[in-house]
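Asks: Okay, handing you the structure first.
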Amino acid sequence: MNRCCPTVLILLALAHGAAAQSDRPALVVLKGARIHPVASAPIDGGVLILAGGKVQALGGADLPVPEGAKVIDCTGKVITPGLVDAGANVAIQPRDRNEQGDEVTPQARIVDAMDPLARSLERVLRQGVTTVQVNPGTRNVIGGTGAVLRTHAASAAEMVLKDKSQLRIVLGAEPSQGNMAIRGGNPDSIYYRRPTTRMGVVWTIRKAFYDAQAYREKRTIPANGAPMPELDAGMEVLLEALDRKLTVRSTARAEQDIRTALRLAEEFGYETVLDESAEVWRVIDLVAGAKAKVLFNLPSAARARDGAAADGAEVRLNTLELLAKAKVPFAIQGSGAGLPLIQEAAFAVRQGLDAETALAAITKVPAEVLGVADRVGTLAPGRDADVVVWSGDPFDPATRIESVFVQGRQVVN
Amino acid sequence: MLLRTLLGSALACAALSSAAPAQDALAIRAGKVLTMTGKDLENVVILVENGRITAISDEVKPAWNAKVIDATDKVVMPAWVLAHTSGGLSGGDVENMLNVPYLTVKDALDPASLFVEEALRNGVGTFHVMPGNRTMLGGTGMVARPYGKTVEDMTVLSRTALKLSLASAPGQRTTQIRRLQRALQDVREYLEDFERRKKEFEEEKAAGAAGDKKEFGEEPDAQKKPVIELLQGKLRGYLYVPGPAEVPEALRLANTAKLDLVLVLGWQCWRAARALTNLKNPVVLDPDLEAYDVDPETDTETLVCAAAELAKQGVPFALSIDTGTDGPQRFPWWQAATLVRHGVDRNIALAALTTVPAKLLGLADQVGTVEVGKVANLQILTGDPLKATTWVDQVVLEGQLAYERSKDRRLQHLFGKNDPGQAQAK
């Protein structure tokens with residue numbers, strides 16, 4: 001037994017050394033692949049240099065390879081930025097998504113429910129998704145703030161790329177679902193939560209922002225000698241939205257709810273992106289005029305047999321094509337619920353979207369929507385070295401992932 | 001046998017066409033043909049007369065009365081063949097009784113169902129409808145075409161096989177195995193008793209002790225008939241095997257009890273792949289082809305494709321599609337592409353939806369390939385079948401143009417054709 005120990009120790013030391021080595025973001029050169037930087041034109045037989053966790057340089061075959069670099073031959077492969085999902089169902093336990101203590105919880109932060117060891121994170125990472133936006137659920141009228149996470153990082157803290165990235169507001173029938181008017185019974189029951197109709201949902205939003213405006217007045221101009229109201233975490237978040245420092249994610253599926261979302265944004269002057277807006281094809285001009293961006297769910301699930309999505313929204317298979325034509329920026333989102341994100345984009349291409357726009361819809365555009373475009377979503381010098389190497393055309397359903405790099409570390413092979 | 005049939009049908013067609021101009025002549029000018037015989041063709045004309053392919057060549061000239069389809073920029077391949085599905089059954093596929101072998105899907109198949117509509121839209125030419133996977137002895141199936149106003153119109157083959165299932169409620173696996181054994185044994189004993197009584201009557205009659213009764217006059221119980229025929233080897237069984245734990249019993253039924261069985265395998269059965277190498281028939285795989293396998297020791301998970309594991313062991317298989325999902329597992333091409341993504345040879349993947357099921361259904365001389373003498377069940381695609389951008393443009397069933405994408409009202413509607421102010425897309 002004792003005699004075994006030294007061997008074990010040596011093995012452990014070796015293993016540790018290997019781990020430490022692979023952990024250090026080395027100088028890596030990916031050579032020979034077709035590179036889609038998304039921010040610029042594709043490069044055939046390109047060279048991509050990753051150093052210090054960042055993209056150092058990229059270019060054609062003539063780009064000099066720095067000395068001492070680990071060169072990986074990627075001939076015949078295709079390289080894209082790590083994918084960005086603007087609305088992924090990962091890292092949060094289903095029961096942790098909806099804080100049902102109140103229908104207005106802007107102070108709730110999804111990072112507080114983040115499980116950094118969740119298997120779902122690893123799954124989407126292996127599907128090439130390196131950045132995800134996670135959100136509070138859709139049962140509250142104002143559900144709280146979401147966060148942008150890396151799907152791989154050395155620690156939980158480093159996983160958070162941007163906290164408080166968006167404030168979620170949900171329109172339509174869902175926030176009032178299950179609530180009911182009091183008719184006898186126990187008035188303390190949670191089912192007596194308000195609102196109970198679309199009218200009530202919209203009023204709840206208005207009231208929250210009216211309250212925030214009144215709160216601001218009281219906080220800034222205390223009426224002669226009147227005590228300053230206490231700091232209110234929820235109100236502070238709403239003020240950030242009113243000051244356009246925090247984007248509102250308006251979940252609005254049906255046409256009427258999309259109109260309402262844009263009306264409310266105009267009324268209170270906050271900036272909004274439209275989320276899960278399946279019926280946006282009906283109001284393309286309105287959306288284009290409002291300069292709103294659109295987050296679109298799972299194109300693969302749209303099926304010929306029945307057109308209904310959530311909230312009775314009708315789907316059209318040419319929606320993304322129409323958005324592209326009207327130059328409305330949009331992202332394709334929803335990994336963790338359906339297919340891998342790349343395959344969802346492939347279905348968008350099947351439905352008529354050009355491949356370049358489809359790739360931007362899962363990289364550059366969501367990065368811009370989430371305010372992290374200076375870090376991820378494109379391949380350019382200075383960006384995070386989040387890279388996916390595909391065995392071929394990423395939109396070919398027979399294509400596999402060869403490797404994924406996050407901040408220069410190869411985390412999937 | 002196969003050759004004779006081919007020759008026979010070719011001769012029959014030749015005879016017909018020489019006697020009179022063909023009634024239903026069709027010529028497809030194909031840019032590319034995936035024949036599924038091992039050799040692909042380019043720039044040929046496929047001639048179809050009276051529902052059969054009569055010639056494939058770059059030299060033939062279509063008859064003066066032939067309808068010509070220009071597919072010079074398209075890919076022509078056999079319409080898909082589904083070896084096993086429970087789609088299109090009105091009112092669901094689950095019985096609340098376990099022992100109902102006397103039921104038949106013919107009484108439930110709905111020609112107007114969305115399954116049938118989608119099957120045609122997705123290029124399916126032949127499908128084998130069977131009772132669902134949850135019923136122990138679920139009834140008999142039929143082979144149908146996704147075309148026709150009545151079940152009779154749609155019927156290709158009647159009463160094809162009996163459905164059996166080892167699916168069980170949680171914790172009842174061995175009970176279910178025992179139940180199925182018992183149900184089969186009951187019929188065996190019934191049959192022995194019947195034969196004994198019949199023999200006794202014949203003996204009595206021979207001895208002159210039968211009285212006025214001249215004939216035995218008794219038929220076996222009609223409700224037991226499918227099981228009786230299964231036990232006698234006259235009817236094939238499709239046995240649903242949910243997981244590897246049920247595989248030994250499935251093998252016992254196939255090998256020891258000598259039933260003619262086709263195993264319909266749940267995803268988990270890939271674990272027993274090595275035990276499945278010596279089956280008489282190819283197996284049919286569940287529509288859920290890939291799933292995560294978690295290592296109980298390390299808690300790490302791997303995405304496993306059941307078909308890829310079976311292919312590694314050389315187990316022949318047919319694929320099926322999911323009929324109850326919004327996901328792409330509802331598309332045959334997606335199922336085949338999933339296999340290729342997991343490293344399975346492209347031809348094996350395509351065969352699992354064409355030649356393998358055709359043979360399984362006893363239709364190898366009719367469908368599954370593009371060859372002279374075969375039934376003209378063809379799909380005309382806008383590109384390679386396994387590319388996401390490819391659409392089924394037209395479907396020819398038995399020589400008739402059964403589907404045209406440009407006239408697919410539901411699809412056109414979904415692409416916004418009817419929306420005000422929208423230009424026609426797709």
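So you can find residues: chains in the structure tokens are A, B, ... in the order shown, residues in each start at 1, and ligands are numbered from 1 in order.
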List every residue of chain A that has an atom at most 7 Å from any atom of chain B, and for each one report the closest atom pair and its distance in Å to one decimal, counting only C-alpha atoms, with rows sorted by chain and then by increasing residue number, as JSON lines.
Replies:
{"residue": "A:Ser300", "atom": "CA", "partner": "B:Gly327", "partner_atom": "CA", "distance": 6.4}
{"residue": "A:Ala301", "atom": "CA", "partner": "B:Asp326", "partner_atom": "CA", "distance": 4.9}
{"residue": "A:Arg303", "atom": "CA", "partner": "B:Asp326", "partner_atom": "CA", "distance": 6.7}
{"residue": "A:Ala304", "atom": "CA", "partner": "B:Leu411", "partner_atom": "CA", "distance": 6.1}
{"residue": "A:Arg305", "atom": "CA", "partner": "B:Leu114", "partner_atom": "CA", "distance": 6.4}
{"residue": "A:Arg316", "atom": "CA", "partner": "B:Leu414", "partner_atom": "CA", "distance": 4.8}
{"residue": "A:Leu317", "atom": "CA", "partner": "B:Phe415", "partner_atom": "CA", "distance": 5.1}
{"residue": "A:Asn318", "atom": "CA", "partner": "B:Phe415", "partner_atom": "CA", "distance": 5.2}
{"residue": "A:Ala346", "atom": "CA", "partner": "B:Ala388", "partner_atom": "CA", "distance": 6.5}
{"residue": "A:Phe347", "atom": "CA", "partner": "B:Ala388", "partner_atom": "CA", "distance": 6.7}
{"residue": "A:Val349", "atom": "CA", "partner": "B:Thr389", "partner_atom": "CA", "distance": 6.6}
{"residue": "A:Arg350", "atom": "CA", "partner": "B:Thr389", "partner_atom": "CA", "distance": 4.3}
{"residue": "A:Asp396", "atom": "CA", "partner": "B:Lys387", "partner_atom": "CA", "distance": 5.9}
{"residue": "A:Pro397", "atom": "CA", "partner": "B:Ala337", "partner_atom": "CA", "distance": 5.9}
{"residue": "A:Ala398", "atom": "CA", "partner": "B:Arg341", "partner_atom": "CA", "distance": 4.0}
{"residue": "A:Thr399", "atom": "CA", "partner": "B:Arg341", "partner_atom": "CA", "distance": 5.7}
{"residue": "A:Arg400", "atom": "CA", "partner": "B:Arg341", "partner_atom": "CA", "distance": 6.0}
Asks: Keeping C-alpha atoms for every residue in the selection just given, could you write it to a file as a tab-separated table (two decimals), in the first residue's frame?
Replies:
chain	number	residue	atom	x	y	z
A	300	SER	CA	-37.81	25.01	-36.20
A	301	ALA	CA	-40.95	24.71	-34.12
A	303	ARG	CA	-45.02	23.88	-38.33
A	304	ALA	CA	-47.38	23.67	-41.19
A	305	ARG	CA	-50.11	21.89	-39.26
A	316	ARG	CA	-45.43	32.86	-40.64
A	317	LEU	CA	-42.42	31.08	-42.02
A	318	ASN	CA	-41.26	34.21	-43.85
A	346	ALA	CA	-30.39	26.52	-40.07
A	347	PHE	CA	-34.18	26.29	-40.04
A	349	VAL	CA	-32.17	29.55	-43.60
A	350	ARG	CA	-34.48	26.75	-44.74
A	396	ASP	CA	-25.63	21.68	-42.63
A	397	PRO	CA	-27.50	19.34	-40.25
A	398	ALA	CA	-24.77	16.74	-40.70
A	399	THR	CA	-22.07	19.11	-39.43
A	400	ARG	CA	-20.42	18.45	-36.06
Asks: Among stretch 116-238 of chain A, which ones does DSSP place in helix (DSSP H, G or I), written as an MDAnalysis selection string?
Replies: chainID A and resid 119:126 156:159 174:176 190:192 198:220 233:238
Asks: Keeping C-alpha atoms for every residue in the selection just given, could you write it to a file as a PDB file, in the first residue's frame?
Replies:
ATOM      1  CA  ARG A 119     -25.803  20.723 -16.723  1.00  0.00           C
ATOM      2  CA  SER A 120     -27.768  22.876 -19.140  1.00  0.00           C
ATOM      3  CA  LEU A 121     -24.840  25.311 -19.351  1.00  0.00           C
ATOM      4  CA  GLU A 122     -22.463  22.565 -20.367  1.00  0.00           C
ATOM      5  CA  ARG A 123     -24.949  21.284 -22.906  1.00  0.00           C
ATOM      6  CA  VAL A 124     -25.311  24.554 -24.773  1.00  0.00           C
ATOM      7  CA  LEU A 125     -21.550  25.072 -24.541  1.00  0.00           C
ATOM      8  CA  ARG A 126     -21.093  21.794 -26.391  1.00  0.00           C
ATOM      9  CA  ALA A 156     -19.039  31.601 -10.932  1.00  0.00           C
ATOM     10  CA  ALA A 157     -18.161  35.289 -10.643  1.00  0.00           C
ATOM     11  CA  GLU A 158     -16.267  35.264 -13.939  1.00  0.00           C
ATOM     12  CA  MET A 159     -19.227  33.576 -15.522  1.00  0.00           C
ATOM     13  CA  GLU A 174     -49.632  34.911 -19.324  1.00  0.00           C
ATOM     14  CA  PRO A 175     -49.016  37.211 -16.307  1.00  0.00           C
ATOM     15  CA  SER A 176     -52.705  37.106 -15.436  1.00  0.00           C
ATOM     16  CA  ILE A 190     -52.101  33.574  -3.845  1.00  0.00           C
ATOM     17  CA  TYR A 191     -54.616  32.957  -6.605  1.00  0.00           C
ATOM     18  CA  TYR A 192     -56.199  36.302  -5.736  1.00  0.00           C
ATOM     19  CA  ARG A 198     -54.805  42.196 -20.300  1.00  0.00           C
ATOM     20  CA  MET A 199     -56.179  45.546 -19.129  1.00  0.00           C
ATOM     21  CA  GLY A 200     -54.927  44.786 -15.673  1.00  0.00           C
ATOM     22  CA  VAL A 201     -51.496  43.725 -16.932  1.00  0.00           C
ATOM     23  CA  VAL A 202     -51.000  46.975 -18.832  1.00  0.00           C
ATOM     24  CA  TRP A 203     -52.262  49.036 -15.901  1.00  0.00           C
ATOM     25  CA  THR A 204     -49.873  47.238 -13.593  1.00  0.00           C
ATOM     26  CA  ILE A 205     -46.976  48.279 -15.846  1.00  0.00           C
ATOM     27  CA  ARG A 206     -48.205  51.876 -16.059  1.00  0.00           C
ATOM     28  CA  LYS A 207     -48.703  52.086 -12.313  1.00  0.00           C
ATOM     29  CA  ALA A 208     -45.202  50.790 -11.660  1.00  0.00           C
ATOM     30  CA  PHE A 209     -43.669  53.486 -13.849  1.00  0.00           C
ATOM     31  CA  TYR A 210     -45.994  56.205 -12.445  1.00  0.00           C
ATOM     32  CA  ASP A 211     -44.887  55.128  -8.975  1.00  0.00           C
ATOM     33  CA  ALA A 212     -41.266  55.301 -10.104  1.00  0.00           C
ATOM     34  CA  GLN A 213     -41.769  58.837 -11.444  1.00  0.00           C
ATOM     35  CA  ALA A 214     -43.424  59.930  -8.192  1.00  0.00           C
ATOM     36  CA  TYR A 215     -40.669  58.208  -6.218  1.00  0.00           C
ATOM     37  CA  ARG A 216     -38.044  60.155  -8.151  1.00  0.00           C
ATOM     38  CA  GLU A 217     -39.747  63.469  -7.402  1.00  0.00           C
ATOM     39  CA  LYS A 218     -39.922  62.665  -3.726  1.00  0.00           C
ATOM     40  CA  ARG A 219     -36.298  61.566  -3.675  1.00  0.00           C
ATOM     41  CA  THR A 220     -34.976  64.609  -5.523  1.00  0.00           C
ATOM     42  CA  ALA A 233     -34.519  48.797  -4.771  1.00  0.00           C
ATOM     43  CA  GLY A 234     -37.347  48.069  -7.208  1.00  0.00           C
ATOM     44  CA  MET A 235     -38.033  51.730  -7.902  1.00  0.00           C
ATOM     45  CA  GLU A 236     -34.333  52.348  -8.521  1.00  0.00           C
ATOM     46  CA  VAL A 237     -34.354  49.653 -11.202  1.00  0.00           C
ATOM     47  CA  LEU A 238     -37.415  51.177 -12.861  1.00  0.00           C
TER      48      LEU A 238
END
Asks: Would you mind listing what lies within 9 Å of stretch 80-96 of chain B as a PDB file with N, CA and C atoms, in the first residue's frame, with only C-alpha atoms counted and same-chain residues fewer than 5 positions away left out?
Replies:
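What landed in selection23.pdb:
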ATOM      1  N   VAL B 105     -55.910  -1.025 -37.112  1.00  0.00           N
ATOM      2  CA  VAL B 105     -55.735   0.405 -37.349  1.00  0.00           C
ATOM      3  C   VAL B 105     -56.623   0.891 -38.494  1.00  0.00           C
ATOM      4  N   LYS B 106     -57.067  -0.034 -39.302  1.00  0.00           N
ATOM      5  CA  LYS B 106     -57.922   0.327 -40.431  1.00  0.00           C
ATOM      6  C   LYS B 106     -59.171   1.064 -39.949  1.00  0.00           C
ATOM      7  N   ASP B 107     -59.597   0.748 -38.737  1.00  0.00           N
ATOM      8  CA  ASP B 107     -60.790   1.393 -38.201  1.00  0.00           C
ATOM      9  C   ASP B 107     -60.506   2.770 -37.625  1.00  0.00           C
ATOM     10  N   ALA B 108     -59.238   3.165 -37.575  1.00  0.00           N
ATOM     11  CA  ALA B 108     -58.917   4.445 -36.959  1.00  0.00           C
ATOM     12  C   ALA B 108     -58.140   5.385 -37.880  1.00  0.00           C
ATOM     13  N   LEU B 109     -57.550   4.851 -38.949  1.00  0.00           N
ATOM     14  CA  LEU B 109     -56.738   5.708 -39.823  1.00  0.00           C
ATOM     15  C   LEU B 109     -57.633   6.764 -40.471  1.00  0.00           C
ATOM     16  N   ASP B 110     -57.230   8.019 -40.317  1.00  0.00           N
ATOM     17  CA  ASP B 110     -58.041   9.132 -40.794  1.00  0.00           C
ATOM     18  C   ASP B 110     -57.386   9.746 -42.034  1.00  0.00           C
ATOM     19  N   PRO B 111     -57.992   9.554 -43.200  1.00  0.00           N
ATOM     20  CA  PRO B 111     -57.372  10.076 -44.436  1.00  0.00           C
ATOM     21  C   PRO B 111     -57.221  11.596 -44.405  1.00  0.00           C
ATOM     22  N   ALA B 112     -58.057  12.272 -43.621  1.00  0.00           N
ATOM     23  CA  ALA B 112     -57.995  13.733 -43.570  1.00  0.00           C
ATOM     24  C   ALA B 112     -57.078  14.222 -42.458  1.00  0.00           C
ATOM     25  N   SER B 113     -56.364  13.301 -41.795  1.00  0.00           N
ATOM     26  CA  SER B 113     -55.541  13.723 -40.662  1.00  0.00           C
ATOM     27  C   SER B 113     -54.345  14.544 -41.137  1.00  0.00           C
ATOM     28  N   LEU B 114     -53.863  15.400 -40.227  1.00  0.00           N
ATOM     29  CA  LEU B 114     -52.722  16.234 -40.564  1.00  0.00           C
ATOM     30  C   LEU B 114     -51.467  15.392 -40.753  1.00  0.00           C
ATOM     31  N   PHE B 115     -51.426  14.252 -40.084  1.00  0.00           N
ATOM     32  CA  PHE B 115     -50.275  13.356 -40.276  1.00  0.00           C
ATOM     33  C   PHE B 115     -50.158  12.961 -41.737  1.00  0.00           C
ATOM     34  N   VAL B 116     -51.280  12.567 -42.320  1.00  0.00           N
ATOM     35  CA  VAL B 116     -51.271  12.117 -43.710  1.00  0.00           C
ATOM     36  C   VAL B 116     -50.863  13.277 -44.619  1.00  0.00           C
ATOM     37  N   ASN B 122     -43.845  15.889 -46.853  1.00  0.00           N
ATOM     38  CA  ASN B 122     -42.454  15.579 -46.529  1.00  0.00           C
ATOM     39  C   ASN B 122     -41.878  14.456 -47.379  1.00  0.00           C
ATOM     40  N   GLY B 123     -42.615  14.038 -48.389  1.00  0.00           N
ATOM     41  CA  GLY B 123     -42.059  13.085 -49.336  1.00  0.00           C
ATOM     42  C   GLY B 123     -42.224  11.624 -48.969  1.00  0.00           C
ATOM     43  N   VAL B 124     -43.122  11.327 -48.046  1.00  0.00           N
ATOM     44  CA  VAL B 124     -43.367   9.925 -47.685  1.00  0.00           C
ATOM     45  C   VAL B 124     -44.306   9.314 -48.728  1.00  0.00           C
ATOM     46  N   GLY B 125     -43.953   8.144 -49.237  1.00  0.00           N
ATOM     47  CA  GLY B 125     -44.793   7.502 -50.233  1.00  0.00           C
ATOM     48  C   GLY B 125     -45.536   6.292 -49.696  1.00  0.00           C
ATOM     49  N   THR B 126     -44.962   5.673 -48.680  1.00  0.00           N
ATOM     50  CA  THR B 126     -45.523   4.442 -48.129  1.00  0.00           C
ATOM     51  C   THR B 126     -45.293   4.455 -46.622  1.00  0.00           C
ATOM     52  N   PHE B 127     -46.322   4.168 -45.845  1.00  0.00           N
ATOM     53  CA  PHE B 127     -46.076   4.088 -44.400  1.00  0.00           C
ATOM     54  C   PHE B 127     -46.850   2.939 -43.776  1.00  0.00           C
ATOM     55  N   HIS B 128     -46.222   2.350 -42.795  1.00  0.00           N
ATOM     56  CA  HIS B 128     -46.803   1.202 -42.107  1.00  0.00           C
ATOM     57  C   HIS B 128     -47.432   1.695 -40.805  1.00  0.00           C
ATOM     58  N   VAL B 129     -48.737   1.692 -40.756  1.00  0.00           N
ATOM     59  CA  VAL B 129     -49.429   2.171 -39.552  1.00  0.00           C
ATOM     60  C   VAL B 129     -49.637   1.011 -38.602  1.00  0.00           C
ATOM     61  N   MET B 130     -49.220   1.221 -37.365  1.00  0.00           N
ATOM     62  CA  MET B 130     -49.382   0.189 -36.351  1.00  0.00           C
ATOM     63  C   MET B 130     -50.001   0.797 -35.101  1.00  0.00           C
ATOM     64  N   PRO B 131     -50.671  -0.026 -34.283  1.00  0.00           N
ATOM     65  CA  PRO B 131     -51.156   0.484 -32.998  1.00  0.00           C
ATOM     66  C   PRO B 131     -49.989   1.028 -32.168  1.00  0.00           C
ATOM     67  N   GLY B 132     -50.290   1.822 -31.173  1.00  0.00           N
ATOM     68  CA  GLY B 132     -49.270   2.502 -30.378  1.00  0.00           C
ATOM     69  C   GLY B 132     -48.382   1.555 -29.586  1.00  0.00           C
ATOM     70  N   ASN B 133     -47.391   2.145 -28.927  1.00  0.00           N
ATOM     71  CA  ASN B 133     -46.374   1.362 -28.231  1.00  0.00           C
ATOM     72  C   ASN B 133     -46.762   0.934 -26.827  1.00  0.00           C
ATOM     73  N   ARG B 134     -47.891   1.410 -26.323  1.00  0.00           N
ATOM     74  CA  ARG B 134     -48.194   1.180 -24.910  1.00  0.00           C
ATOM     75  C   ARG B 134     -49.097  -0.029 -24.682  1.00  0.00           C
ATOM     76  N   THR B 135     -49.637  -0.637 -25.733  1.00  0.00           N
ATOM     77  CA  THR B 135     -50.604  -1.714 -25.550  1.00  0.00           C
ATOM     78  C   THR B 135     -49.930  -3.068 -25.760  1.00  0.00           C
ATOM     79  N   GLY B 138     -51.752  -5.093 -29.186  1.00  0.00           N
ATOM     80  CA  GLY B 138     -52.482  -3.888 -29.578  1.00  0.00           C
ATOM     81  C   GLY B 138     -53.319  -3.959 -30.823  1.00  0.00           C
ATOM     82  N   VAL B 143     -50.369  -1.208 -44.347  1.00  0.00           N
ATOM     83  CA  VAL B 143     -49.471  -0.311 -45.094  1.00  0.00           C
ATOM     84  C   VAL B 143     -50.339   0.605 -45.938  1.00  0.00           C
ATOM     85  N   TYR B 238     -44.722  -6.981 -34.542  1.00  0.00           N
ATOM     86  CA  TYR B 238     -43.851  -5.832 -34.291  1.00  0.00           C
ATOM     87  C   TYR B 238     -43.849  -5.633 -32.788  1.00  0.00           C
ATOM     88  N   VAL B 264     -39.113  -3.080 -32.325  1.00  0.00           N
ATOM     89  CA  VAL B 264     -39.184  -1.621 -32.375  1.00  0.00           C
ATOM     90  C   VAL B 264     -38.501  -1.129 -31.106  1.00  0.00           C
ATOM     91  N   VAL B 284     -36.515  -1.582 -35.936  1.00  0.00           N
ATOM     92  CA  VAL B 284     -37.022  -0.232 -36.209  1.00  0.00           C
ATOM     93  C   VAL B 284     -36.663   0.624 -35.003  1.00  0.00           C
ATOM     94  N   LEU B 285     -36.180   1.838 -35.237  1.00  0.00           N
ATOM     95  CA  LEU B 285     -35.773   2.691 -34.120  1.00  0.00           C
ATOM     96  C   LEU B 285     -36.815   3.740 -33.800  1.00  0.00           C
ATOM     97  N   ALA B 318     -34.297   0.314 -39.576  1.00  0.00           N
ATOM     98  CA  ALA B 318     -35.117   1.294 -40.277  1.00  0.00           C
ATOM     99  C   ALA B 318     -35.390   2.433 -39.306  1.00  0.00           C
ATOM    100  N   LEU B 319     -35.591   3.629 -39.828  1.00  0.00           N
ATOM    101  CA  LEU B 319     -35.863   4.790 -38.969  1.00  0.00           C
ATOM    102  C   LEU B 319     -37.353   5.101 -38.962  1.00  0.00           C
ATOM    103  N   SER B 320     -37.758   5.834 -37.933  1.00  0.00           N
ATOM    104  CA  SER B 320     -39.137   6.310 -37.921  1.00  0.00           C
ATOM    105  C   SER B 320     -39.143   7.805 -37.625  1.00  0.00           C
ATOM    106  N   ILE B 321     -40.298   8.425 -37.757  1.00  0.00           N
ATOM    107  CA  ILE B 321     -40.400   9.862 -37.499  1.00  0.00           C
ATOM    108  C   ILE B 321     -41.344  10.096 -36.332  1.00  0.00           C
ATOM    109  N   ASP B 322     -41.178  11.241 -35.681  1.00  0.00           N
ATOM    110  CA  ASP B 322     -42.026  11.578 -34.546  1.00  0.00           C
ATOM    111  C   ASP B 322     -43.286  12.259 -35.057  1.00  0.00           C
ATOM    112  N   THR B 323     -44.423  11.787 -34.621  1.00  0.00           N
ATOM    113  CA  THR B 323     -45.675  12.360 -35.129  1.00  0.00           C
ATOM    114  C   THR B 323     -46.304  13.328 -34.138  1.00  0.00           C
ATOM    115  N   GLY B 324     -45.751  13.407 -32.933  1.00  0.00           N
ATOM    116  CA  GLY B 324     -46.402  14.246 -31.931  1.00  0.00           C
ATOM    117  C   GLY B 324     -45.533  15.395 -31.475  1.00  0.00           C
ATOM    118  N   PRO B 332     -38.439  13.154 -42.164  1.00  0.00           N
ATOM    119  CA  PRO B 332     -37.550  12.016 -42.462  1.00  0.00           C
ATOM    120  C   PRO B 332     -36.124  12.473 -42.769  1.00  0.00           C
ATOM    121  N   LEU B 350     -29.819   6.789 -45.499  1.00  0.00           N
ATOM    122  CA  LEU B 350     -30.888   6.908 -46.503  1.00  0.00           C
ATOM    123  C   LEU B 350     -31.619   5.573 -46.688  1.00  0.00           C
ATOM    124  N   ALA B 352     -32.225   3.454 -44.479  1.00  0.00           N
ATOM    125  CA  ALA B 352     -33.099   3.205 -43.325  1.00  0.00           C
ATOM    126  C   ALA B 352     -34.486   3.817 -43.513  1.00  0.00           C
ATOM    127  N   LEU B 353     -34.636   4.635 -44.558  1.00  0.00           N
ATOM    128  CA  LEU B 353     -35.947   5.224 -44.853  1.00  0.00           C
ATOM    129  C   LEU B 353     -36.413   4.879 -46.264  1.00  0.00           C
ATOM    130  N   THR B 354     -35.704   3.958 -46.891  1.00  0.00           N
ATOM    131  CA  THR B 354     -36.106   3.563 -48.247  1.00  0.00           C
ATOM    132  C   THR B 354     -36.042   2.039 -48.407  1.00  0.00           C
ATOM    133  N   THR B 355     -34.841   1.538 -48.722  1.00  0.00           N
ATOM    134  CA  THR B 355     -34.751   0.117 -49.080  1.00  0.00           C
ATOM    135  C   THR B 355     -34.993  -0.832 -47.904  1.00  0.00           C
ATOM    136  N   VAL B 356     -34.463  -0.474 -46.721  1.00  0.00           N
ATOM    137  CA  VAL B 356     -34.631  -1.381 -45.568  1.00  0.00           C
ATOM    138  C   VAL B 356     -36.115  -1.530 -45.201  1.00  0.00           C
ATOM    139  N   PRO B 357     -36.846  -0.417 -45.006  1.00  0.00           N
ATOM    140  CA  PRO B 357     -38.274  -0.593 -44.696  1.00  0.00           C
ATOM    141  C   PRO B 357     -39.057  -1.236 -45.843  1.00  0.00           C
ATOM    142  N   ALA B 358     -38.667  -0.951 -47.092  1.00  0.00           N
ATOM    143  CA  ALA B 358     -39.380  -1.569 -48.223  1.00  0.00           C
ATOM    144  C   ALA B 358     -39.288  -3.090 -48.132  1.00  0.00           C
ATOM    145  N   LEU B 360     -38.626  -4.810 -45.406  1.00  0.00           N
ATOM    146  CA  LEU B 360     -39.312  -5.236 -44.189  1.00  0.00           C
ATOM    147  C   LEU B 360     -40.811  -5.405 -44.437  1.00  0.00           C
ATOM    148  N   LEU B 361     -41.358  -4.523 -45.262  1.00  0.00           N
ATOM    149  CA  LEU B 361     -42.795  -4.566 -45.522  1.00  0.00           C
ATOM    150  C   LEU B 361     -43.141  -5.527 -46.657  1.00  0.00           C
ATOM    151  N   VAL B 367     -41.178  -0.672 -54.084  1.00  0.00           N
ATOM    152  CA  VAL B 367     -40.797   0.691 -53.701  1.00  0.00           C
ATOM    153  C   VAL B 367     -39.407   0.702 -53.072  1.00  0.00           C
ATOM    154  N   GLY B 368     -38.899   1.896 -52.805  1.00  0.00           N
ATOM    155  CA  GLY B 368     -37.638   2.030 -52.083  1.00  0.00           C
ATOM    156  C   GLY B 368     -36.442   2.357 -52.962  1.00  0.00           C
ATOM    157  N   ASN B 377     -42.924   5.734 -57.173  1.00  0.00           N
ATOM    158  CA  ASN B 377     -43.101   6.543 -55.958  1.00  0.00           C
ATOM    159  C   ASN B 377     -41.849   7.400 -55.809  1.00  0.00           C
ATOM    160  N   LEU B 378     -41.922   8.630 -56.251  1.00  0.00           N
ATOM    161  CA  LEU B 378     -40.718   9.443 -56.334  1.00  0.00           C
ATOM    162  C   LEU B 378     -40.921  10.793 -55.648  1.00  0.00           C
ATOM    163  N   GLN B 379     -39.852  11.287 -55.045  1.00  0.00           N
ATOM    164  CA  GLN B 379     -39.909  12.671 -54.585  1.00  0.00           C
ATOM    165  C   GLN B 379     -38.903  13.487 -55.383  1.00  0.00           C
TER     166      GLN B 379
END
Asks: When DSSP works through the backbone of this structure, what residues of stretch 87-325 of chain B end up as strand (DSSP E or B), shown as a PyMOL selection string?
Replies: chain B and resi 89+99+104+109+124-129+137-140+142-144+155-157+161-165+236-241+261-265+283-285+290-294+301-305+317-318
